[in-house]
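Peer 1: I'd like to ask you about the structure that follows.
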Amino acid sequence: MFEILQTKANTHSRRIRMDESRPTASKKLAHPSARGPLIFADTAVIEDIKPLYDAGIVSGVTTNPSLIKKAGATNQAQAIKIAKDLIAMTCPNPTLLELTELTEEAMVAQAIEFAGWGDNVVIKVPVGGYKAVDDCFDAYTGLKVIKRLWEKDIRCAATLVFNSTQALWAANAGACFVAPFIGRLGDYLYSNDHPERKSGNSLYWIEDHKNSNGDQNVSNSEYVASGGERKDIGPRLIQEISTIFTNYDIHTQVLAASFRNFSQITECLLAGADILTVPSNLLEQVCEHPLTSKGMATFYQDSKVFI
Ligand code: E4P
């Protein structure tokens with residue numbers, strides 16, 4: 001289980017300098033969680049999101065090409081319709097749309113088009129990986145696009161973040177959000193584990209090594225941040241980023257993504273995430289804890305005495 005290694009007083013003090021997540025200007029009763037962490041829905045299926053949006057639990061949506069495809073889009077027109085419906089539903093809260101172009105100019109043009117669909121659009125920009133698509137692409141494309149969008153006052157989120165250095169680079173380029181994929185990191189660790197290696201502290205121990213297949217370099221700040229056998233790599237990454245942003249008063253929000261289970265949700269909150277984007281299979285289970293259901297059934301039975 002993830003260990004809480006620090007008090008969160010500094011994180012709190014950073015958050016109170018941020019804008020309120022849920023402003024309540026016209027309300028007498030101030031919102032008790034005005035600066036609480038936000039929950040976004042990590043799905044493009046409106047029916048999955050609507051009830052939680054109406055209940056004030058979910059206040060934004062993250063999408064990517066895979067999620068839009070999963071929501072049923074089989075062509076560009078359908079993808080645009082899904083995106084626009086999400087933007088309308090979440091307004092004024094954010095809908096994150098991921099760029100699909102791969103060159104700087106085309107990405108900036110696409111971002112301007114997406115941003116024109118609503119003031120609540122946030123552009124998701126892959127932080128790197130461009131050369132994996134084709135060696136002709138520029139490795140720094142994502143960071144350059146983030147900087148260009150910041151210059152144009154277009155909010156963007158750096159996506160596919162897997163270490164704290166990527167997060168810092170993105171923040172310095174001008175990203176308003178960084179999205180570390182904590183579930184994919186955990187998945188990776190489970191399939192590439194080195195049980196012989198001791199856990200340590202990534203902030204002080206920098207070294208590269210090969211994964212168990214010997215075919216890929218894994219930065220030690222990723223492996224050791226996992227706590228080795230403890231397999232809490234995701235929450236520890238959130239803690240690293242949150243601590244670095246706190247130390248330097250960086251207001252880029254840490255948007256923890258790629259959840260697989262409820263433990264990761266709790267651990268990321270303890271680690272200082274500002275926003276969690278949660279897939280619909282987890283969102284729909286929140287109200288249904290077996291003891292909640294059992295307690296509710298008993299209360300209902302007992303209340304009949306008073307009716
Ligand atoms: C984040 O914005 C991504 O859409 C998402 O969290 C990726 O999660 P996955 O690893 O389940 O695909």
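We name chains A, B, ... following the order of the structure tokens; residues begin at 1 in each chain, and ligands are numbered from 1 as shown.
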Can you work out which residues are within 6 Å of ligand 1, considering only C-alpha atoms and all ligand atoms, and then hand them over as a PDB file with N, CA, C and O atoms, in the first residue's frame?

Peer 2:
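The resulting file, pocket-v1.pdb, is reproduced below:
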ATOM      1  N   ASP A  42     -13.794   9.616 -17.532  1.00  0.00           N
ATOM      2  CA  ASP A  42     -12.851   9.203 -18.577  1.00  0.00           C
ATOM      3  C   ASP A  42     -13.603   8.346 -19.594  1.00  0.00           C
ATOM      4  O   ASP A  42     -13.330   7.154 -19.740  1.00  0.00           O
ATOM      5  N   THR A  62     -12.773  13.651 -19.961  1.00  0.00           N
ATOM      6  CA  THR A  62     -11.573  13.472 -20.775  1.00  0.00           C
ATOM      7  C   THR A  62     -11.872  12.468 -21.874  1.00  0.00           C
ATOM      8  O   THR A  62     -12.532  11.451 -21.629  1.00  0.00           O
ATOM      9  N   THR A  63     -11.400  12.786 -23.066  1.00  0.00           N
ATOM     10  CA  THR A  63     -11.573  11.836 -24.169  1.00  0.00           C
ATOM     11  C   THR A  63     -10.221  11.601 -24.829  1.00  0.00           C
ATOM     12  O   THR A  63      -9.261  12.310 -24.567  1.00  0.00           O
ATOM     13  N   ASN A  64     -10.184  10.601 -25.642  1.00  0.00           N
ATOM     14  CA  ASN A  64      -9.047  10.384 -26.536  1.00  0.00           C
ATOM     15  C   ASN A  64      -9.613   9.635 -27.744  1.00  0.00           C
ATOM     16  O   ASN A  64     -10.795   9.232 -27.720  1.00  0.00           O
ATOM     17  N   GLY A 183      -2.478   3.940 -14.300  1.00  0.00           N
ATOM     18  CA  GLY A 183      -2.852   2.530 -14.491  1.00  0.00           C
ATOM     19  C   GLY A 183      -1.931   1.846 -15.480  1.00  0.00           C
ATOM     20  O   GLY A 183      -1.487   0.720 -15.258  1.00  0.00           O
ATOM     21  N   ARG A 184      -1.613   2.541 -16.572  1.00  0.00           N
ATOM     22  CA  ARG A 184      -0.723   1.920 -17.567  1.00  0.00           C
ATOM     23  C   ARG A 184       0.668   1.709 -16.987  1.00  0.00           C
ATOM     24  O   ARG A 184       1.355   0.753 -17.339  1.00  0.00           O
ATOM     25  N   ALA A 257      -4.752   9.904 -14.342  1.00  0.00           N
ATOM     26  CA  ALA A 257      -5.564   9.229 -15.363  1.00  0.00           C
ATOM     27  C   ALA A 257      -5.253   7.738 -15.416  1.00  0.00           C
ATOM     28  O   ALA A 257      -4.305   7.272 -14.790  1.00  0.00           O
ATOM     29  N   SER A 258      -6.104   7.030 -16.166  1.00  0.00           N
ATOM     30  CA  SER A 258      -5.867   5.610 -16.454  1.00  0.00           C
ATOM     31  C   SER A 258      -6.044   4.742 -15.196  1.00  0.00           C
ATOM     32  O   SER A 258      -5.165   3.969 -14.852  1.00  0.00           O
TER      33      SER A 258
END

Peer 1: Just want the 12 Å neighbourhood of Ile241 in chain A, counted on only C-alpha atoms, with same-chain residues fewer than 5 positions away dropped. Output as an MDAnalysis selection string.

Peer 2: chainID A and resid 11 161:171 177:180 202:203 221 225 234:236 246:256 268 271:274

Peer 1: Smallest atom-to-atom distance to Cys136 in chain A: which of A:Ala34, A:Ile265, A:Leu102, A:Asn75, using only C-alpha atoms?

Peer 2: A:Leu102

Peer 1: For Ala109 in chain A, which of A:Val127, A:Ile154, A:Leu291, A:Ile68 is the closest residue, counting only C-alpha atoms?

Peer 2: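 Checking each candidate against Ala109 in chain A, we get A:Ile154 as the closest.
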
Peer 1: Need to verify the contact set: Pro23 in chain A, 12 Å, only C-alpha atoms, exclusion of same-chain residues closer than 4 positions in sequence. Can you return it as a short mmCIF file (atom, residue, chain, number, x, y, z; two decimals) with all heavy atoms, in the first residue's frame?

Peer 2:
data_model
loop_
_atom_site.label_atom_id
_atom_site.label_comp_id
_atom_site.auth_asym_id
_atom_site.auth_seq_id
_atom_site.Cartn_x
_atom_site.Cartn_y
_atom_site.Cartn_z
N MET A 18 -4.77 28.61 -5.93
CA MET A 18 -5.38 28.34 -7.24
C MET A 18 -6.81 28.88 -7.26
O MET A 18 -7.40 29.11 -6.21
CB MET A 18 -5.47 26.83 -7.49
CG MET A 18 -4.16 26.17 -7.78
SD MET A 18 -4.50 24.42 -8.05
CE MET A 18 -2.89 23.87 -8.59
N ASP A 19 -7.38 28.98 -8.46
CA ASP A 19 -8.78 29.36 -8.54
C ASP A 19 -9.64 28.29 -7.89
O ASP A 19 -9.27 27.11 -7.92
CB ASP A 19 -9.21 29.49 -10.01
CG ASP A 19 -8.55 30.68 -10.67
OD1 ASP A 19 -8.11 31.58 -9.93
OD2 ASP A 19 -8.49 30.69 -11.91
N LYS A 27 -24.29 32.13 -4.17
CA LYS A 27 -24.88 31.23 -3.16
C LYS A 27 -24.57 31.72 -1.76
O LYS A 27 -23.47 32.18 -1.47
CB LYS A 27 -24.27 29.84 -3.32
CG LYS A 27 -24.87 29.04 -4.42
CD LYS A 27 -26.13 28.33 -3.96
CE LYS A 27 -25.84 27.41 -2.79
NZ LYS A 27 -26.97 27.23 -1.94
N LYS A 28 -25.56 31.60 -0.86
CA LYS A 28 -25.33 31.96 0.53
C LYS A 28 -24.48 30.88 1.21
O LYS A 28 -23.57 31.18 1.97
CB LYS A 28 -26.68 32.10 1.25
CG LYS A 28 -26.63 33.12 2.37
CD LYS A 28 -28.01 33.66 2.68
CE LYS A 28 -28.65 32.77 3.74
NZ LYS A 28 -30.01 33.19 4.08
N LEU A 29 -24.81 29.63 0.89
CA LEU A 29 -24.07 28.51 1.49
C LEU A 29 -22.85 28.22 0.63
O LEU A 29 -22.98 27.72 -0.50
CB LEU A 29 -24.99 27.28 1.55
CG LEU A 29 -24.47 26.04 2.24
CD1 LEU A 29 -24.18 26.32 3.72
CD2 LEU A 29 -25.47 24.91 2.11
N ALA A 30 -21.67 28.55 1.14
CA ALA A 30 -20.45 28.30 0.35
C ALA A 30 -20.29 26.80 0.11
O ALA A 30 -20.66 25.99 0.97
CB ALA A 30 -19.25 28.84 1.11
N HIS A 31 -19.75 26.45 -1.04
CA HIS A 31 -19.57 25.02 -1.30
C HIS A 31 -18.47 24.48 -0.40
O HIS A 31 -17.38 25.04 -0.33
CB HIS A 31 -19.20 24.79 -2.78
CG HIS A 31 -19.46 23.37 -3.20
ND1 HIS A 31 -18.68 22.33 -2.75
CD2 HIS A 31 -20.41 22.81 -3.97
CE1 HIS A 31 -19.14 21.19 -3.26
NE2 HIS A 31 -20.20 21.47 -4.00
N PRO A 32 -18.75 23.38 0.32
CA PRO A 32 -17.77 22.86 1.28
C PRO A 32 -16.51 22.31 0.61
O PRO A 32 -15.49 22.12 1.27
CB PRO A 32 -18.53 21.75 2.01
CG PRO A 32 -19.61 21.35 1.08
CD PRO A 32 -19.98 22.58 0.30
N SER A 33 -16.60 22.04 -0.68
CA SER A 33 -15.43 21.46 -1.35
C SER A 33 -14.99 22.35 -2.50
O SER A 33 -14.59 21.87 -3.56
CB SER A 33 -15.79 20.05 -1.86
OG SER A 33 -14.70 19.45 -2.49
N ALA A 34 -15.02 23.66 -2.25
CA ALA A 34 -14.73 24.61 -3.34
C ALA A 34 -13.35 24.37 -3.96
O ALA A 34 -13.15 24.62 -5.13
CB ALA A 34 -14.85 26.04 -2.84
N ARG A 35 -12.41 23.93 -3.15
CA ARG A 35 -11.08 23.65 -3.70
C ARG A 35 -10.75 22.15 -3.61
O ARG A 35 -9.58 21.77 -3.62
CB ARG A 35 -10.01 24.47 -2.99
CG ARG A 35 -10.08 25.94 -3.35
CD ARG A 35 -8.90 26.72 -2.83
NE ARG A 35 -8.99 28.11 -3.22
CZ ARG A 35 -9.65 29.05 -2.57
NH1 ARG A 35 -10.29 28.76 -1.47
NH2 ARG A 35 -9.67 30.28 -3.02
N GLY A 36 -11.77 21.37 -3.51
CA GLY A 36 -11.54 19.92 -3.45
C GLY A 36 -11.08 19.40 -4.80
O GLY A 36 -11.18 20.10 -5.81
N PRO A 92 -20.04 24.98 -18.08
CA PRO A 92 -18.75 25.62 -18.37
C PRO A 92 -17.54 24.80 -17.92
O PRO A 92 -16.41 25.30 -17.96
CB PRO A 92 -18.82 26.91 -17.55
CG PRO A 92 -19.60 26.50 -16.33
CD PRO A 92 -20.59 25.47 -16.79
N ASN A 93 -17.77 23.56 -17.48
CA ASN A 93 -16.64 22.73 -17.04
C ASN A 93 -15.94 22.11 -18.25
O ASN A 93 -16.51 22.01 -19.32
CB ASN A 93 -17.13 21.65 -16.08
CG ASN A 93 -17.62 22.24 -14.78
OD1 ASN A 93 -16.89 22.95 -14.12
ND2 ASN A 93 -18.86 21.98 -14.44
#

Peer 1: Here is a test: counting only C-alpha atoms, which residue of A:Gln110, A:Phe259, A:Ser293, A:Ala41 is nearest to Glu98 in chain A?

Peer 2: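 For Glu98 in chain A, the nearest of the given residues is A:Gln110.
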
Peer 1: Pick out the closest residue to Ile49 in chain A from this set: A:Ile16, A:Leu86, A:Leu149, A:Ala77. Count only C-alpha atoms.

Peer 2: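 Nearest candidate to Ile49 in chain A out of A:Ile16, A:Leu86, A:Leu149, A:Ala77: A:Leu86.
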
Peer 1: Which residues, written as JSON, numbers by chain, have at least one atom at most 10 Å from Gly128 in chain A, with only C-alpha atoms counted and residues fewer than 3 positions away on the same chain left out?

Peer 2: {"A": [125, 131, 132, 138, 139, 140, 141, 142, 143, 158, 159, 160, 161, 166]}

Peer 1: Next, dump the selected residues to file, keeping only N, CA and C atoms, as a compact mmCIF listing (two decimals), in the first residue's frame.

Peer 2:
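Saved as out_27.txt:
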# COMPACT_ATOMS: atom_id res chain seq x y z
N VAL A 125 -2.64 17.26 -25.63
CA VAL A 125 -1.47 17.16 -26.52
C VAL A 125 -0.56 16.06 -26.00
N LYS A 131 8.06 10.09 -32.57
CA LYS A 131 8.98 9.28 -33.38
C LYS A 131 8.56 7.81 -33.41
N ALA A 132 7.77 7.42 -32.41
CA ALA A 132 7.29 6.03 -32.42
C ALA A 132 6.27 5.83 -33.54
N ASP A 138 9.14 15.11 -35.38
CA ASP A 138 10.01 15.80 -34.43
C ASP A 138 9.62 15.38 -33.00
N ALA A 139 10.59 14.91 -32.24
CA ALA A 139 10.32 14.43 -30.88
C ALA A 139 9.74 15.52 -29.99
N TYR A 140 10.04 16.78 -30.29
CA TYR A 140 9.62 17.88 -29.43
C TYR A 140 8.29 18.50 -29.86
N THR A 141 7.63 17.86 -30.82
CA THR A 141 6.40 18.44 -31.37
C THR A 141 5.42 18.82 -30.27
N GLY A 142 5.14 17.88 -29.37
CA GLY A 142 4.12 18.11 -28.35
C GLY A 142 4.44 19.33 -27.49
N LEU A 143 5.69 19.42 -27.05
CA LEU A 143 6.07 20.54 -26.18
C LEU A 143 5.99 21.86 -26.94
N ALA A 158 -1.17 18.15 -21.13
CA ALA A 158 -0.18 17.22 -21.67
C ALA A 158 -0.60 15.81 -21.30
N THR A 159 -0.74 14.97 -22.30
CA THR A 159 -1.21 13.61 -22.03
C THR A 159 -0.10 12.60 -22.30
N LEU A 160 -0.33 11.36 -21.88
CA LEU A 160 0.66 10.29 -21.99
C LEU A 160 1.92 10.63 -21.19
N VAL A 161 1.71 11.14 -19.98
CA VAL A 161 2.83 11.49 -19.10
C VAL A 161 3.17 10.28 -18.23
N GLN A 166 8.77 14.61 -17.60
CA GLN A 166 7.84 14.98 -18.68
C GLN A 166 6.82 15.99 -18.17

Peer 1: Could you pull out the strand (DSSP E) residues of range 100-143 of chain A from DSSP and send them as a list in words?

Peer 2: Val121, Val122, Ile123, Lys124, Val125 and Pro126 of chain A

Peer 1: Residues of range 221-278 of chain A classed as helix (DSSP H, G or I) by DSSP on the backbone are to be reported as a PyMOL selection string.

Peer 2: chain A and resi 221-226+228-230+233-247+262-270

Peer 1: For the residues in the current selection, export N, CA, C and O atoms as a short mmCIF file (atom, residue, chain, number, x, y, z; two decimals), in the first residue's frame.

Peer 2:
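Written file, again.cif:
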data_model
loop_
_atom_site.label_atom_id
_atom_site.label_comp_id
_atom_site.auth_asym_id
_atom_site.auth_seq_id
_atom_site.Cartn_x
_atom_site.Cartn_y
_atom_site.Cartn_z
N SER A 221 13.89 6.32 -12.31
CA SER A 221 12.92 7.13 -11.59
C SER A 221 11.53 6.56 -11.79
O SER A 221 10.63 6.81 -11.01
N GLU A 222 11.33 5.79 -12.86
CA GLU A 222 10.03 5.12 -13.02
C GLU A 222 10.02 3.83 -12.19
O GLU A 222 9.09 3.57 -11.45
N TYR A 223 11.08 3.03 -12.33
CA TYR A 223 11.04 1.74 -11.66
C TYR A 223 11.10 1.89 -10.14
O TYR A 223 10.30 1.31 -9.42
N VAL A 224 12.06 2.69 -9.69
CA VAL A 224 12.22 2.82 -8.25
C VAL A 224 11.05 3.57 -7.64
O VAL A 224 10.63 3.31 -6.52
N ALA A 225 10.49 4.52 -8.41
CA ALA A 225 9.32 5.22 -7.90
C ALA A 225 8.20 4.25 -7.61
O ALA A 225 7.29 4.54 -6.84
N SER A 226 8.27 3.08 -8.23
CA SER A 226 7.24 2.09 -7.99
C SER A 226 7.37 1.48 -6.61
O SER A 226 6.49 0.80 -6.13
N GLY A 228 9.59 -0.71 -6.14
CA GLY A 228 9.94 -2.09 -6.47
C GLY A 228 8.76 -3.00 -6.34
O GLY A 228 7.75 -2.81 -7.01
N GLU A 229 8.87 -3.95 -5.44
CA GLU A 229 7.83 -4.97 -5.33
C GLU A 229 6.49 -4.43 -4.87
O GLU A 229 5.48 -5.08 -4.97
N ARG A 230 6.47 -3.20 -4.33
CA ARG A 230 5.22 -2.71 -3.77
C ARG A 230 4.23 -2.29 -4.85
O ARG A 230 3.06 -2.11 -4.61
N ILE A 233 3.61 2.29 -8.29
CA ILE A 233 4.32 3.24 -9.16
C ILE A 233 3.46 4.45 -9.52
O ILE A 233 3.94 5.58 -9.55
N GLY A 234 2.17 4.21 -9.77
CA GLY A 234 1.31 5.31 -10.21
C GLY A 234 1.17 6.39 -9.15
O GLY A 234 1.51 7.56 -9.38
N PRO A 235 0.67 6.02 -7.95
CA PRO A 235 0.53 7.04 -6.92
C PRO A 235 1.85 7.71 -6.55
O PRO A 235 1.88 8.90 -6.25
N ARG A 236 2.93 6.95 -6.61
CA ARG A 236 4.23 7.59 -6.29
C ARG A 236 4.60 8.61 -7.37
O ARG A 236 5.19 9.64 -7.07
N LEU A 237 4.23 8.34 -8.60
CA LEU A 237 4.47 9.34 -9.65
C LEU A 237 3.65 10.60 -9.37
O LEU A 237 4.14 11.72 -9.51
N ILE A 238 2.40 10.39 -8.96
CA ILE A 238 1.56 11.56 -8.63
C ILE A 238 2.21 12.34 -7.50
O ILE A 238 2.25 13.57 -7.50
N GLN A 239 2.74 11.61 -6.51
CA GLN A 239 3.36 12.30 -5.38
C GLN A 239 4.58 13.10 -5.84
O GLN A 239 4.79 14.24 -5.41
N GLU A 240 5.39 12.48 -6.72
CA GLU A 240 6.57 13.21 -7.22
C GLU A 240 6.15 14.51 -7.91
O GLU A 240 6.70 15.57 -7.63
N ILE A 241 5.19 14.40 -8.81
CA ILE A 241 4.80 15.58 -9.59
C ILE A 241 4.18 16.63 -8.68
O ILE A 241 4.51 17.82 -8.74
N SER A 242 3.30 16.17 -7.79
CA SER A 242 2.63 17.10 -6.89
C SER A 242 3.65 17.80 -5.99
O SER A 242 3.55 19.01 -5.73
N THR A 243 4.66 17.06 -5.53
CA THR A 243 5.68 17.66 -4.67
C THR A 243 6.51 18.68 -5.45
O THR A 243 6.78 19.78 -4.97
N ILE A 244 6.90 18.30 -6.66
CA ILE A 244 7.71 19.23 -7.48
C ILE A 244 6.91 20.50 -7.78
O ILE A 244 7.40 21.62 -7.62
N PHE A 245 5.66 20.32 -8.17
CA PHE A 245 4.84 21.50 -8.49
C PHE A 245 4.63 22.36 -7.24
O PHE A 245 4.59 23.58 -7.31
N THR A 246 4.47 21.69 -6.09
CA THR A 246 4.30 22.43 -4.85
C THR A 246 5.57 23.20 -4.50
O THR A 246 5.53 24.38 -4.16
N ASN A 247 6.72 22.51 -4.62
CA ASN A 247 8.00 23.16 -4.27
C ASN A 247 8.24 24.43 -5.08
O ASN A 247 8.83 25.38 -4.59
N PHE A 262 -10.29 1.08 -7.28
CA PHE A 262 -10.55 2.13 -6.27
C PHE A 262 -9.33 2.43 -5.41
O PHE A 262 -9.18 3.54 -4.91
N SER A 263 -8.46 1.44 -5.19
CA SER A 263 -7.27 1.71 -4.38
C SER A 263 -6.43 2.79 -5.02
O SER A 263 -5.91 3.68 -4.35
N GLN A 264 -6.31 2.72 -6.34
CA GLN A 264 -5.50 3.73 -7.03
C GLN A 264 -6.14 5.11 -6.87
O GLN A 264 -5.43 6.11 -6.75
N ILE A 265 -7.47 5.15 -6.84
CA ILE A 265 -8.14 6.45 -6.66
C ILE A 265 -7.77 7.03 -5.30
O ILE A 265 -7.33 8.18 -5.19
N THR A 266 -7.92 6.23 -4.25
CA THR A 266 -7.59 6.70 -2.90
C THR A 266 -6.13 7.11 -2.81
O THR A 266 -5.78 8.17 -2.27
N GLU A 267 -5.26 6.26 -3.36
CA GLU A 267 -3.82 6.54 -3.25
C GLU A 267 -3.44 7.82 -3.99
O GLU A 267 -2.61 8.60 -3.53
N CYS A 268 -4.06 8.06 -5.14
CA CYS A 268 -3.74 9.29 -5.89
C CYS A 268 -4.24 10.52 -5.16
O CYS A 268 -3.61 11.57 -5.20
N LEU A 269 -5.36 10.41 -4.45
CA LEU A 269 -5.83 11.54 -3.65
C LEU A 269 -4.86 11.81 -2.50
O LEU A 269 -4.51 12.95 -2.21
N LEU A 270 -4.40 10.72 -1.85
CA LEU A 270 -3.43 10.89 -0.77
C LEU A 270 -2.12 11.47 -1.29
O LEU A 270 -1.40 12.15 -0.57
#

Peer 1: With distances taken over only C-alpha atoms, which of A:Val45, A:Ile87, A:Ile57, A:Leu38 is nearest to Gly72 in chain A?

Peer 2: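 Using only C-alpha atoms, Gly72 in chain A sits closest to A:Val45.
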